[in-house]
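**Q** File follows, target23.cif with mmCIF, C-alpha atoms:
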data_model
loop_
_atom_site.group_PDB
_atom_site.id
_atom_site.type_symbol
_atom_site.label_atom_id
_atom_site.label_comp_id
_atom_site.auth_asym_id
_atom_site.auth_seq_id
_atom_site.Cartn_x
_atom_site.Cartn_y
_atom_site.Cartn_z
ATOM 1 C CA MET W 1 -1.987 5.247 15.875
ATOM 2 C CA LYS W 2 0.043 2.257 14.780
ATOM 3 C CA ILE W 3 3.527 2.304 13.273
ATOM 4 C CA GLY W 4 4.756 -0.095 10.619
ATOM 5 C CA PHE W 5 7.773 -0.551 8.386
ATOM 6 C CA SER W 6 8.357 -1.527 4.780
ATOM 7 C CA LEU W 7 9.700 -4.933 3.878
ATOM 8 C CA PRO W 8 12.663 -4.567 1.511
ATOM 9 C CA ASN W 9 11.193 -6.105 -1.658
ATOM 10 C CA ILE W 10 12.237 -3.256 -3.980
ATOM 11 C CA GLY W 11 15.733 -3.010 -5.442
ATOM 12 C CA PRO W 12 18.873 -5.114 -4.987
ATOM 13 C CA ILE W 13 18.318 -5.133 -1.212
ATOM 14 C CA GLY W 14 15.561 -7.707 -1.779
ATOM 15 C CA THR W 15 17.363 -10.841 -0.626
ATOM 16 C CA ALA W 16 16.311 -13.673 1.677
ATOM 17 C CA GLU W 17 18.689 -12.366 4.325
ATOM 18 C CA ALA W 18 17.421 -8.771 4.208
ATOM 19 C CA VAL W 19 13.742 -9.698 4.144
ATOM 20 C CA THR W 20 14.203 -12.067 7.090
ATOM 21 C CA LYS W 21 16.308 -9.710 9.188
ATOM 22 C CA VAL W 22 14.061 -6.680 8.686
ATOM 23 C CA ALA W 23 10.913 -8.704 9.382
ATOM 24 C CA GLN W 24 12.215 -10.350 12.521
ATOM 25 C CA ARG W 25 13.800 -7.183 13.875
ATOM 26 C CA ALA W 26 10.628 -5.167 13.241
ATOM 27 C CA GLU W 27 8.568 -7.777 15.054
ATOM 28 C CA ALA W 28 10.991 -7.939 17.986
ATOM 29 C CA LEU W 29 10.898 -4.144 18.354
ATOM 30 C CA GLY W 30 7.091 -4.119 18.402
ATOM 31 C CA TYR W 31 6.261 -2.607 15.022
ATOM 32 C CA ASN W 32 2.670 -3.282 13.958
ATOM 33 C CA SER W 33 3.136 -4.239 10.330
ATOM 34 C CA LEU W 34 5.325 -4.936 7.289
ATOM 35 C CA TRP W 35 4.432 -3.769 3.771
ATOM 36 C CA THR W 36 5.422 -4.687 0.213
ATOM 37 C CA ILE W 37 5.123 -2.803 -3.080
ATOM 38 C CA GLU W 38 4.133 -4.150 -6.504
ATOM 39 C CA ARG W 39 6.056 -3.220 -9.657
ATOM 40 C CA LEU W 40 6.401 -5.333 -12.810
ATOM 41 C CA LEU W 41 8.459 -3.366 -15.322
ATOM 42 C CA TRP W 42 10.942 -0.552 -15.636
ATOM 43 C CA PRO W 43 10.125 0.660 -19.168
ATOM 44 C CA LEU W 44 12.921 2.431 -21.008
ATOM 45 C CA LYS W 45 10.333 4.869 -22.333
ATOM 46 C CA LEU W 46 7.420 5.381 -19.955
ATOM 47 C CA GLN W 47 4.033 5.768 -21.638
ATOM 48 C CA THR W 48 2.564 7.291 -18.497
ATOM 49 C CA PRO W 49 4.520 9.353 -15.951
ATOM 50 C CA TYR W 50 5.000 7.932 -12.488
ATOM 51 C CA PRO W 51 2.605 9.934 -10.296
ATOM 52 C CA ALA W 52 4.824 9.837 -7.206
ATOM 53 C CA THR W 53 7.746 11.838 -8.540
ATOM 54 C CA PRO W 54 7.421 15.473 -9.597
ATOM 55 C CA ASP W 55 9.072 14.871 -12.972
ATOM 56 C CA GLY W 56 7.319 11.534 -13.513
ATOM 57 C CA HIS W 57 10.471 9.427 -13.619
ATOM 58 C CA LEU W 58 10.475 5.890 -12.262
ATOM 59 C CA PRO W 59 13.184 5.264 -9.632
ATOM 60 C CA GLU W 60 15.789 2.802 -10.888
ATOM 61 C CA ILE W 61 15.415 0.492 -7.902
ATOM 62 C CA TYR W 62 12.136 -0.625 -9.477
ATOM 63 C CA LYS W 63 14.219 -2.574 -11.990
ATOM 64 C CA GLN W 64 14.481 -5.396 -9.433
ATOM 65 C CA VAL W 65 11.391 -6.362 -7.447
ATOM 66 C CA LEU W 66 10.533 -9.398 -5.339
ATOM 67 C CA ASP W 67 6.928 -10.503 -5.752
ATOM 68 C CA PRO W 68 4.959 -8.653 -3.038
ATOM 69 C CA LEU W 69 2.817 -11.649 -2.069
ATOM 70 C CA ASP W 70 5.553 -14.271 -2.177
ATOM 71 C CA ALA W 71 7.713 -12.029 0.019
ATOM 72 C CA LEU W 72 4.867 -11.786 2.552
ATOM 73 C CA THR W 73 4.310 -15.553 2.480
ATOM 74 C CA TYR W 74 8.013 -16.081 3.113
ATOM 75 C CA VAL W 75 7.911 -13.680 6.038
ATOM 76 C CA ALA W 76 4.696 -15.191 7.419
ATOM 77 C CA ALA W 77 6.690 -18.356 8.088
ATOM 78 C CA GLN W 78 9.388 -16.447 9.961
ATOM 79 C CA THR W 79 7.261 -14.217 12.184
ATOM 80 C CA LYS W 80 4.405 -14.753 14.614
ATOM 81 C CA LYS W 81 2.601 -11.510 15.406
ATOM 82 C CA ILE W 82 3.442 -8.725 12.987
ATOM 83 C CA ARG W 83 0.820 -7.838 10.374
ATOM 84 C CA LEU W 84 1.576 -8.289 6.668
ATOM 85 C CA GLY W 85 0.342 -5.793 4.109
ATOM 86 C CA THR W 86 0.508 -4.875 0.435
ATOM 87 C CA SER W 87 0.979 -1.245 -0.453
ATOM 88 C CA VAL W 88 -0.327 -1.737 -3.045
ATOM 89 C CA LEU W 89 -1.288 -4.491 -5.479
ATOM 90 C CA ASP W 90 -2.533 -3.128 -8.790
ATOM 91 C CA ILE W 91 -6.009 -4.551 -9.421
ATOM 92 C CA PRO W 92 -5.818 -4.558 -13.259
ATOM 93 C CA TYR W 93 -2.855 -6.975 -13.284
ATOM 94 C CA HIS W 94 -4.700 -9.690 -11.393
ATOM 95 C CA ASN W 95 -7.512 -12.150 -11.878
ATOM 96 C CA PRO W 96 -9.739 -11.835 -8.792
ATOM 97 C CA VAL W 97 -10.330 -15.572 -8.335
ATOM 98 C CA VAL W 98 -6.629 -16.408 -8.466
ATOM 99 C CA LEU W 99 -5.698 -13.410 -6.333
ATOM 100 C CA ALA W 100 -8.377 -14.279 -3.763
ATOM 101 C CA ARG W 101 -6.804 -17.705 -3.299
ATOM 102 C CA ARG W 102 -3.317 -16.239 -2.919
ATOM 103 C CA LEU W 103 -4.470 -13.647 -0.403
ATOM 104 C CA THR W 104 -6.540 -16.166 1.536
ATOM 105 C CA THR W 105 -3.559 -18.515 1.647
ATOM 106 C CA ILE W 106 -1.417 -15.800 3.227
ATOM 107 C CA ASP W 107 -4.159 -14.974 5.729
ATOM 108 C CA VAL W 108 -4.474 -18.667 6.656
ATOM 109 C CA LEU W 109 -0.732 -19.378 6.832
ATOM 110 C CA SER W 110 -0.100 -16.211 8.859
ATOM 111 C CA ASN W 111 -3.049 -16.944 11.150
ATOM 112 C CA GLY W 112 -4.993 -13.840 10.196
ATOM 113 C CA ARG W 113 -2.307 -11.203 9.783
ATOM 114 C CA LEU W 114 -2.974 -9.982 6.230
ATOM 115 C CA THR W 115 -3.938 -6.437 5.243
ATOM 116 C CA VAL W 116 -4.852 -5.998 1.589
ATOM 117 C CA GLY W 117 -3.862 -2.707 -0.035
ATOM 118 C CA LEU W 118 -5.144 -2.391 -3.597
ATOM 119 C CA GLY W 119 -4.854 0.296 -6.245
ATOM 120 C CA LEU W 120 -6.084 0.975 -9.766
ATOM 121 C CA GLY W 121 -2.574 1.301 -11.183
ATOM 122 C CA TRP W 122 -1.129 4.106 -13.263
ATOM 123 C CA SER W 123 1.312 2.407 -15.668
ATOM 124 C CA LYS W 124 0.040 1.881 -19.210
ATOM 125 C CA ASP W 125 3.180 -0.115 -19.946
ATOM 126 C CA GLU W 126 2.385 -2.640 -17.214
ATOM 127 C CA MET W 127 -1.249 -2.792 -18.258
ATOM 128 C CA ASP W 128 -0.252 -3.467 -21.867
ATOM 129 C CA ALA W 129 2.075 -6.211 -20.657
ATOM 130 C CA THR W 130 -0.587 -7.883 -18.503
ATOM 131 C CA GLY W 131 -3.452 -7.510 -20.967
ATOM 132 C CA ALA W 132 -5.200 -4.972 -18.753
ATOM 133 C CA ASN W 133 -7.130 -1.987 -20.040
ATOM 134 C CA MET W 134 -6.237 1.458 -18.728
ATOM 135 C CA LYS W 135 -9.563 2.957 -19.772
ATOM 136 C CA THR W 136 -11.824 0.395 -18.132
ATOM 137 C CA ARG W 137 -9.809 -0.281 -15.002
ATOM 138 C CA GLY W 138 -12.167 1.727 -12.801
ATOM 139 C CA ALA W 139 -15.218 -0.197 -13.987
ATOM 140 C CA MET W 140 -13.224 -3.415 -13.679
ATOM 141 C CA ALA W 141 -12.327 -2.576 -10.081
ATOM 142 C CA ASP W 142 -16.024 -2.006 -9.358
ATOM 143 C CA GLU W 143 -16.546 -5.707 -10.097
ATOM 144 C CA PHE W 144 -13.231 -6.945 -8.756
ATOM 145 C CA LEU W 145 -13.803 -5.849 -5.151
ATOM 146 C CA PRO W 146 -17.342 -7.258 -4.777
ATOM 147 C CA LEU W 147 -16.138 -10.517 -6.326
ATOM 148 C CA LEU W 148 -13.194 -10.697 -3.934
ATOM 149 C CA LYS W 149 -15.565 -10.154 -1.018
ATOM 150 C CA ALA W 150 -18.018 -12.715 -2.411
ATOM 151 C CA ILE W 151 -15.284 -15.361 -2.544
ATOM 152 C CA TRP W 152 -14.285 -14.524 1.015
ATOM 153 C CA THR W 153 -17.764 -14.430 2.530
ATOM 154 C CA THR W 154 -20.106 -16.736 0.596
ATOM 155 C CA ASN W 155 -20.158 -20.426 -0.236
ATOM 156 C CA PRO W 156 -21.036 -21.518 -2.831
ATOM 157 C CA VAL W 157 -19.881 -18.471 -4.764
ATOM 158 C CA GLU W 158 -21.587 -17.255 -7.900
ATOM 159 C CA PHE W 159 -20.828 -14.057 -9.768
ATOM 160 C CA GLN W 160 -21.953 -12.603 -13.054
ATOM 161 C CA GLY W 161 -20.520 -9.359 -14.308
ATOM 162 C CA LYS W 162 -19.269 -7.567 -17.380
ATOM 163 C CA PHE W 163 -15.632 -8.441 -16.698
ATOM 164 C CA PHE W 164 -15.822 -11.568 -14.552
ATOM 165 C CA ASN W 165 -18.074 -14.609 -14.323
ATOM 166 C CA VAL W 166 -17.824 -17.351 -11.720
ATOM 167 C CA PRO W 167 -20.102 -20.387 -12.062
ATOM 168 C CA ASN W 168 -21.856 -21.438 -8.840
ATOM 169 C CA SER W 169 -18.972 -23.131 -7.027
ATOM 170 C CA TYR W 170 -17.735 -24.137 -3.617
ATOM 171 C CA VAL W 171 -14.633 -22.295 -2.448
ATOM 172 C CA ASP W 172 -14.140 -23.629 1.057
ATOM 173 C CA LEU W 173 -10.831 -21.872 1.702
ATOM 174 C CA LYS W 174 -11.814 -18.753 3.660
ATOM 175 C CA PRO W 175 -9.731 -16.118 5.445
ATOM 176 C CA VAL W 176 -9.018 -16.452 9.157
ATOM 177 C CA GLN W 177 -10.078 -12.809 9.608
ATOM 178 C CA LYS W 178 -13.848 -12.374 9.483
ATOM 179 C CA PRO W 179 -15.597 -11.360 7.414
ATOM 180 C CA HIS W 180 -12.388 -10.845 5.443
ATOM 181 C CA PRO W 181 -8.961 -9.164 5.764
ATOM 182 C CA PRO W 182 -9.079 -5.364 5.915
ATOM 183 C CA ILE W 183 -8.982 -3.716 2.484
ATOM 184 C CA TYR W 184 -7.313 -0.381 1.795
ATOM 185 C CA LEU W 185 -7.422 1.461 -1.522
ATOM 186 C CA GLY W 186 -4.510 3.530 -2.692
ATOM 187 C CA ALA W 187 -4.173 7.195 -3.520
ATOM 188 C CA PHE W 188 -1.258 9.477 -4.183
ATOM 189 C CA VAL W 189 -1.254 12.807 -2.391
ATOM 190 C CA PRO W 190 0.735 15.464 -4.223
ATOM 191 C CA ALA W 191 1.078 17.740 -1.221
ATOM 192 C CA ALA W 192 3.233 20.342 -2.887
ATOM 193 C CA LEU W 193 1.949 20.130 -6.432
ATOM 194 C CA PRO W 194 -0.871 22.054 -8.062
ATOM 195 C CA CYS W 195 -3.843 19.861 -8.886
ATOM 196 C CA GLY W 196 -2.960 18.317 -12.204
ATOM 197 C CA LYS W 197 -2.837 14.924 -13.760
ATOM 198 C CA THR W 198 -2.430 13.151 -10.452
ATOM 199 C CA CYS W 199 -5.474 14.764 -8.917
ATOM 200 C CA ARG W 200 -7.661 13.853 -11.841
ATOM 201 C CA ARG W 201 -6.423 10.329 -11.572
ATOM 202 C CA MET W 202 -7.380 10.301 -7.921
ATOM 203 C CA GLU W 203 -10.835 11.634 -8.667
ATOM 204 C CA SER W 204 -11.440 8.943 -11.220
ATOM 205 C CA SER W 205 -10.926 6.334 -8.558
ATOM 206 C CA ASP W 206 -12.687 8.073 -5.704
ATOM 207 C CA ALA W 207 -16.117 6.662 -6.458
ATOM 208 C CA THR W 208 -14.743 3.137 -6.428
ATOM 209 C CA ARG W 209 -12.921 3.864 -3.208
ATOM 210 C CA ALA W 210 -15.985 5.256 -1.445
ATOM 211 C CA ARG W 211 -18.187 2.354 -2.475
ATOM 212 C CA ASN W 212 -15.903 -0.566 -1.881
ATOM 213 C CA GLY W 213 -12.986 0.249 0.358
ATOM 214 C CA ARG W 214 -13.441 -0.637 3.983
ATOM 215 C CA HIS W 215 -10.502 1.575 4.673
ATOM 216 C CA VAL W 216 -8.563 4.112 2.726
ATOM 217 C CA ARG W 217 -4.884 3.915 2.224
ATOM 218 C CA CYS W 218 -3.021 7.060 1.460
ATOM 219 C CA HIS W 219 0.202 6.848 -0.474
ATOM 220 C CA LYS W 220 2.032 9.971 0.580
ATOM 221 C CA THR W 221 4.335 11.786 -1.755
ATOM 222 C CA ASP W 222 6.107 14.995 -0.981
ATOM 223 C CA GLY W 223 6.006 16.404 -4.474
ATOM 224 C CA GLN W 224 9.432 17.902 -4.028
ATOM 225 C CA GLY W 225 12.196 15.334 -4.113
ATOM 226 C CA SER W 226 12.747 12.518 -6.537
ATOM 227 C CA ARG W 227 11.104 9.886 -4.410
ATOM 228 C CA PRO W 228 7.933 7.897 -4.942
ATOM 229 C CA MET A 1 -4.162 14.763 3.065
ATOM 230 C CA ALA A 2 -6.726 15.794 5.683
ATOM 231 C CA ASP A 3 -8.926 17.292 2.955
ATOM 232 C CA MET A 4 -8.674 14.161 0.838
ATOM 233 C CA PHE A 5 -9.586 11.932 3.756
ATOM 234 C CA ALA A 6 -12.554 14.168 4.622
ATOM 235 C CA ALA A 7 -13.710 14.112 0.987
ATOM 236 C CA ILE A 8 -13.513 10.333 0.833
ATOM 237 C CA LYS A 9 -15.462 10.031 4.081
ATOM 238 C CA GLN A 10 -18.132 12.301 2.626
ATOM 239 C CA MET A 11 -18.347 10.164 -0.532
ATOM 240 C CA ALA A 12 -18.596 7.034 1.587
ATOM 241 C CA LYS A 13 -21.480 8.620 3.476
ATOM 242 C CA GLU A 14 -23.209 9.501 0.202
ATOM 243 C CA ALA A 15 -22.723 5.902 -0.926
ATOM 244 C CA GLY A 16 -24.583 4.744 2.174
ATOM 245 C CA ARG A 17 -21.588 3.656 4.223
ATOM 246 C CA ASP A 18 -20.560 4.550 7.745
ATOM 247 C CA PRO A 19 -17.573 6.929 7.382
ATOM 248 C CA SER A 20 -16.316 5.984 10.848
ATOM 249 C CA THR A 21 -15.379 2.546 9.489
ATOM 250 C CA LEU A 22 -12.792 4.128 7.159
ATOM 251 C CA GLY A 23 -9.161 4.195 8.172
ATOM 252 C CA MET A 24 -6.094 5.732 6.577
ATOM 253 C CA VAL A 25 -2.636 4.191 6.360
ATOM 254 C CA ILE A 26 0.159 6.543 5.349
ATOM 255 C CA HIS A 27 3.143 5.233 3.401
ATOM 256 C CA GLY A 28 5.925 7.530 4.513
ATOM 257 C CA PHE A 29 9.259 7.807 2.735
ATOM 258 C CA VAL A 30 11.616 8.377 5.603
ATOM 259 C CA GLU A 31 14.985 10.064 5.846
ATOM 260 C CA ILE A 32 16.557 11.120 9.134
ATOM 261 C CA THR A 33 18.893 14.105 9.033
ATOM 262 C CA GLU A 34 21.236 15.006 11.864
ATOM 263 C CA LYS A 35 20.192 18.665 11.816
ATOM 264 C CA PRO A 36 16.616 19.941 11.576
ATOM 265 C CA LEU A 37 15.551 20.987 8.076
ATOM 266 C CA GLY A 38 13.688 24.112 7.034
ATOM 267 C CA ASN A 39 9.951 24.493 6.646
ATOM 268 C CA ASP A 40 10.028 23.365 3.027
ATOM 269 C CA ARG A 41 11.123 19.867 4.033
ATOM 270 C CA ALA A 42 9.151 16.820 2.884
ATOM 271 C CA LEU A 43 7.050 14.846 5.363
ATOM 272 C CA PHE A 44 9.059 12.256 7.324
ATOM 273 C CA THR A 45 12.302 13.897 6.216
ATOM 274 C CA GLY A 46 14.276 15.765 8.859
ATOM 275 C CA SER A 47 15.469 15.345 12.421
ATOM 276 C CA LEU A 48 13.910 12.703 14.653
ATOM 277 C CA GLU A 49 12.019 15.461 16.406
ATOM 278 C CA GLN A 50 10.622 16.743 13.114
ATOM 279 C CA ILE A 51 9.585 13.241 12.103
ATOM 280 C CA SER A 52 7.877 12.875 15.492
ATOM 281 C CA ASP A 53 5.940 16.051 14.701
ATOM 282 C CA ASP A 54 4.872 14.534 11.389
ATOM 283 C CA VAL A 55 3.698 11.351 13.101
ATOM 284 C CA ARG A 56 1.705 13.410 15.605
ATOM 285 C CA SER A 57 0.143 15.384 12.743
ATOM 286 C CA CYS A 58 -0.916 12.180 11.019
ATOM 287 C CA ALA A 59 -2.583 10.967 14.205
ATOM 288 C CA LYS A 60 -4.313 14.299 14.533
ATOM 289 C CA ILE A 61 -5.972 14.059 11.117
ATOM 290 C CA GLY A 62 -7.258 10.593 11.934
ATOM 291 C CA ALA A 63 -4.694 8.287 10.325
ATOM 292 C CA SER A 64 -4.826 4.770 11.715
ATOM 293 C CA GLU A 65 -1.256 3.864 10.807
ATOM 294 C CA VAL A 66 1.973 5.261 9.389
ATOM 295 C CA PHE A 67 4.649 3.021 7.973
ATOM 296 C CA PHE A 68 8.184 4.049 7.171
ATOM 297 C CA ASP A 69 9.880 3.205 3.894
ATOM 298 C CA PRO A 70 13.618 3.876 3.597
ATOM 299 C CA ALA A 71 14.071 2.173 0.188
ATOM 300 C CA PHE A 72 14.093 5.331 -1.894
ATOM 301 C CA GLY A 73 16.284 7.510 0.291
ATOM 302 C CA PRO A 74 20.059 7.689 0.779
ATOM 303 C CA ASP A 75 21.491 4.263 1.652
ATOM 304 C CA GLY A 76 18.027 2.878 0.948
ATOM 305 C CA GLN A 77 19.537 -0.302 -0.446
ATOM 306 C CA SER A 78 21.741 -1.003 2.568
ATOM 307 C CA LEU A 79 20.498 -3.623 5.015
ATOM 308 C CA ASP A 80 22.559 -2.091 7.818
ATOM 309 C CA HIS A 81 20.813 1.226 7.174
ATOM 310 C CA TRP A 82 17.379 -0.426 7.381
ATOM 311 C CA LEU A 83 18.269 -2.165 10.641
ATOM 312 C CA SER A 84 19.614 1.075 12.052
ATOM 313 C CA LEU A 85 16.443 2.965 11.086
ATOM 314 C CA LEU A 86 14.272 0.286 12.696
ATOM 315 C CA GLU A 87 16.058 1.017 15.973
ATOM 316 C CA ARG A 88 16.123 4.795 15.596
ATOM 317 C CA LEU A 89 12.445 5.054 14.668
ATOM 318 C CA LYS A 90 11.060 2.707 17.330
ATOM 319 C CA GLY A 91 10.342 5.745 19.508
ATOM 320 C CA MET A 92 7.641 6.737 16.992
ATOM 321 C CA MET A 93 5.478 3.977 18.444
ATOM 322 C CA THR A 94 5.101 6.013 21.618
ATOM 323 C CA VAL A 95 4.780 9.486 20.087
#
Spell out the structure here as structure tokens.
**A**
Amino acid sequence: MKIGFSLPNIGPIGTAEAVTKVAQRAEALGYNSLWTIERLLWPLKLQTPYPATPDGHLPEIYKQVLDPLDALTYVAAQTKKIRLGTSVLDIPYHNPVVLARRLTTIDVLSNGRLTVGLGLGWSKDEMDATGANMKTRGAMADEFLPLLKAIWTTNPVEFQGKFFNVPNSYVDLKPVQKPHPPIYLGAFVPAALPCGKTCRRMESSDATRARNGRHVRCHKTDGQGSRP
Amino acid sequence: MADMFAAIKQMAKEAGRDPSTLGMVIHGFVEITEKPLGNDRALFTGSLEQISDDVRSCAKIGASEVFFDPAFGPDGQSLDHWLSLLERLKGMMTV
């Protein structure tokens, strides 16, 4: 089993110096991977509770967040071997064609070191702010993942769906990793909590996960302390 | 976690996919304590030996990778703390 480490993109620690030092030290010590988190807002009044803390509060360090992909691109230029992952990007906030290009760019510039962790998201506030729809995000993800794979593995690419349409087009930029970078889909595991809101949320995304995820990523939460 | 992973593998099988192609990466919020904690401790929180036990347990249930995240724990915003944890946890690669 491999061992990785987070990249410090969350909170005031997210500086050029910290990101560089952690990345280079982790690589020198032989860690397998570095991972970034996505967070857009720290709402003063949460519309939906954060599923990773027992009382649903959002840790204050989420007030300051370096972009998870830009941080990985930055680190790709300063490392040679260590893998670079997202844990996780929230699918509803992104357009799949634009995201595919960003992810492919990281895979190319890092010479095939990208691991793509994706999730359905839980924050209604962030979905409102990005024009995403909480209710249809599962169905949207069911199109998003096949489209991402289509862009990575076919040329020309053509896609017709309910949420996304791509006219028959050449997209020559392809990932270094074949057929595409590994994909993981996120889940929270409330180990010490009775099955409640979080479990239902997980179930709603399980079908998508089983159909489309090449791998499964598990976002572990203890359900006891005030940590995500 | 083991049950969830088994359930997802079963759903993958029902969806016509090979469950053996699924992997699991565990995002672990880490905190090293100088003394061992009691049985009600959270995963990846406790003495180095206890964290080693957790890593071994993850391997046992079929996880492909564990990664440590100190950001949300004590001193989680200190670069020196991160660099120290990188050194102290490197032994987990050989657990």
**Q** I would like the residues chosen by the PyMOL selection byres ((chain A and resi 70) around 9) on the shown file; could you give them as a list in words?
**A**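 Expected selection for the PyMOL selection byres ((chain A and resi 70) around 9) here is Phe5, Ser6 and Pro8 of chain W; Gly28, Phe29, Val30, Glu31, Phe68, Asp69, Ala71, Phe72, Gly73, Pro74, Asp75, Gly76, Gln77, His81, Trp82 and Leu85 of chain A.
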**Q** I would like the residues chosen by the PyMOL selection byres ((chain A and resi 51) around 10) on the shown file; could you give them as a list in words?
**A** Val30, Glu31, Ile32, Thr33, Pro36, Ala42, Leu43, Phe44, Thr45, Gly46, Ser47, Leu48, Glu49, Gln50, Ser52, Asp53, Asp54, Val55, Arg56, Ser57, Leu89 and Met92 of chain A
**Q** Find the residues around segment 156-170 of chain W up to 7 Å (only C-alpha atoms counted), leave out those fewer than 2 positions away in its own chain, and share them as a PyMOL selection string.
**A** chain W and resi 140+143+147+150-151+154+172
**Q** Could you list as a ChimeraX atom specification every residue that has an atom within 6 Å of (-1.6, 5.3, 16.3), using the file's coordinates and counting all atoms listed in the file?
**A** /W:1-2 /A:64-65
**Q** Name every residue that the PyMOL selection byres ((chain A and resi 2) around 12) selects in this structure, writing the answer as a list in words with chains first and numbers rising.
**A** Val189, Ala191, Cys218 and Lys220 of chain W; Met1, Asp3, Met4, Phe5, Ala6, Ala7, Ile8, Lys9, Met24, Ile26, Ser57, Cys58, Ala59, Lys60, Ile61, Gly62 and Ala63 of chain A
**Q** Report as a VMD selection string all protein, DNA and RNA residues lying within 12 Å of Met127 of chain W, evaluated on all atoms listed in the file, omitting residues in the same chain fewer than 2 positions from it.
**A** chain W and resid 39 to 41 43 47 to 48 90 to 94 120 to 125 129 to 137
**Q** When distances are computed from all atoms listed in the file, which of A:His27, A:Arg41, A:Lys35, A:Arg88 shows the smallest separation from chain W?
**A**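 Closest to chain W, using all atoms listed in the file: A:His27.
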**Q** Could you name the residues that touch Arg113 of chain W at 12 Å or less, counting only C-alpha atoms, but leaving out those on the same chain fewer than 2 positions away, as a ChimeraX atom specification?
**A** /W:32-35,72-73,75-77,79-86,103-111,115-116,175-178,180-182
**Q** Could you tell me how far atom CA of Glu87 of chain A lies from atom CA of Arg25 of chain W, in Å and to one decimal?
**A**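 Result for atom CA of Glu87 of chain A versus atom CA of Arg25 of chain W: 8.8 Å, one decimal.
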**Q** What is the atom CA of Val88 of chain W-atom CA of Ala187 of chain W distance in Å, reported with one decimal?
**A**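 Answer for the atom CA of Val88 of chain W to atom CA of Ala187 of chain W separation: 9.7 Å.
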**Q** Interatomic distance between atom CA of Pro146 of chain W and atom CA of Ser87 of chain W?
**A**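 So the two atoms, atom CA of Pro146 of chain W and atom CA of Ser87 of chain W, lie 19.8 Å apart.
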**Q** Using the file's own x, y and z axes, so that the box edges lie along x, y and z, what centre and edge lengths in Å (one decimal) does a box around every listed atom of segment 5-12 of chain A get when 6 Å is added on each side? Give it as lines of an AutoDock Vina configuration file.
**A**
center_x = -14.1
center_y = 10.6
center_z = 2.0
size_x = 21.0
size_y = 19.1
size_z = 17.2
**Q** Taking all atoms listed in the file into account, which of W:Leu66, W:Ile61, W:Ala52, W:Leu148 comes nearest chain A?
**A**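 Going through W:Leu66, W:Ile61, W:Ala52, W:Leu148 one by one, the smallest distance to chain A is for W:Ile61.
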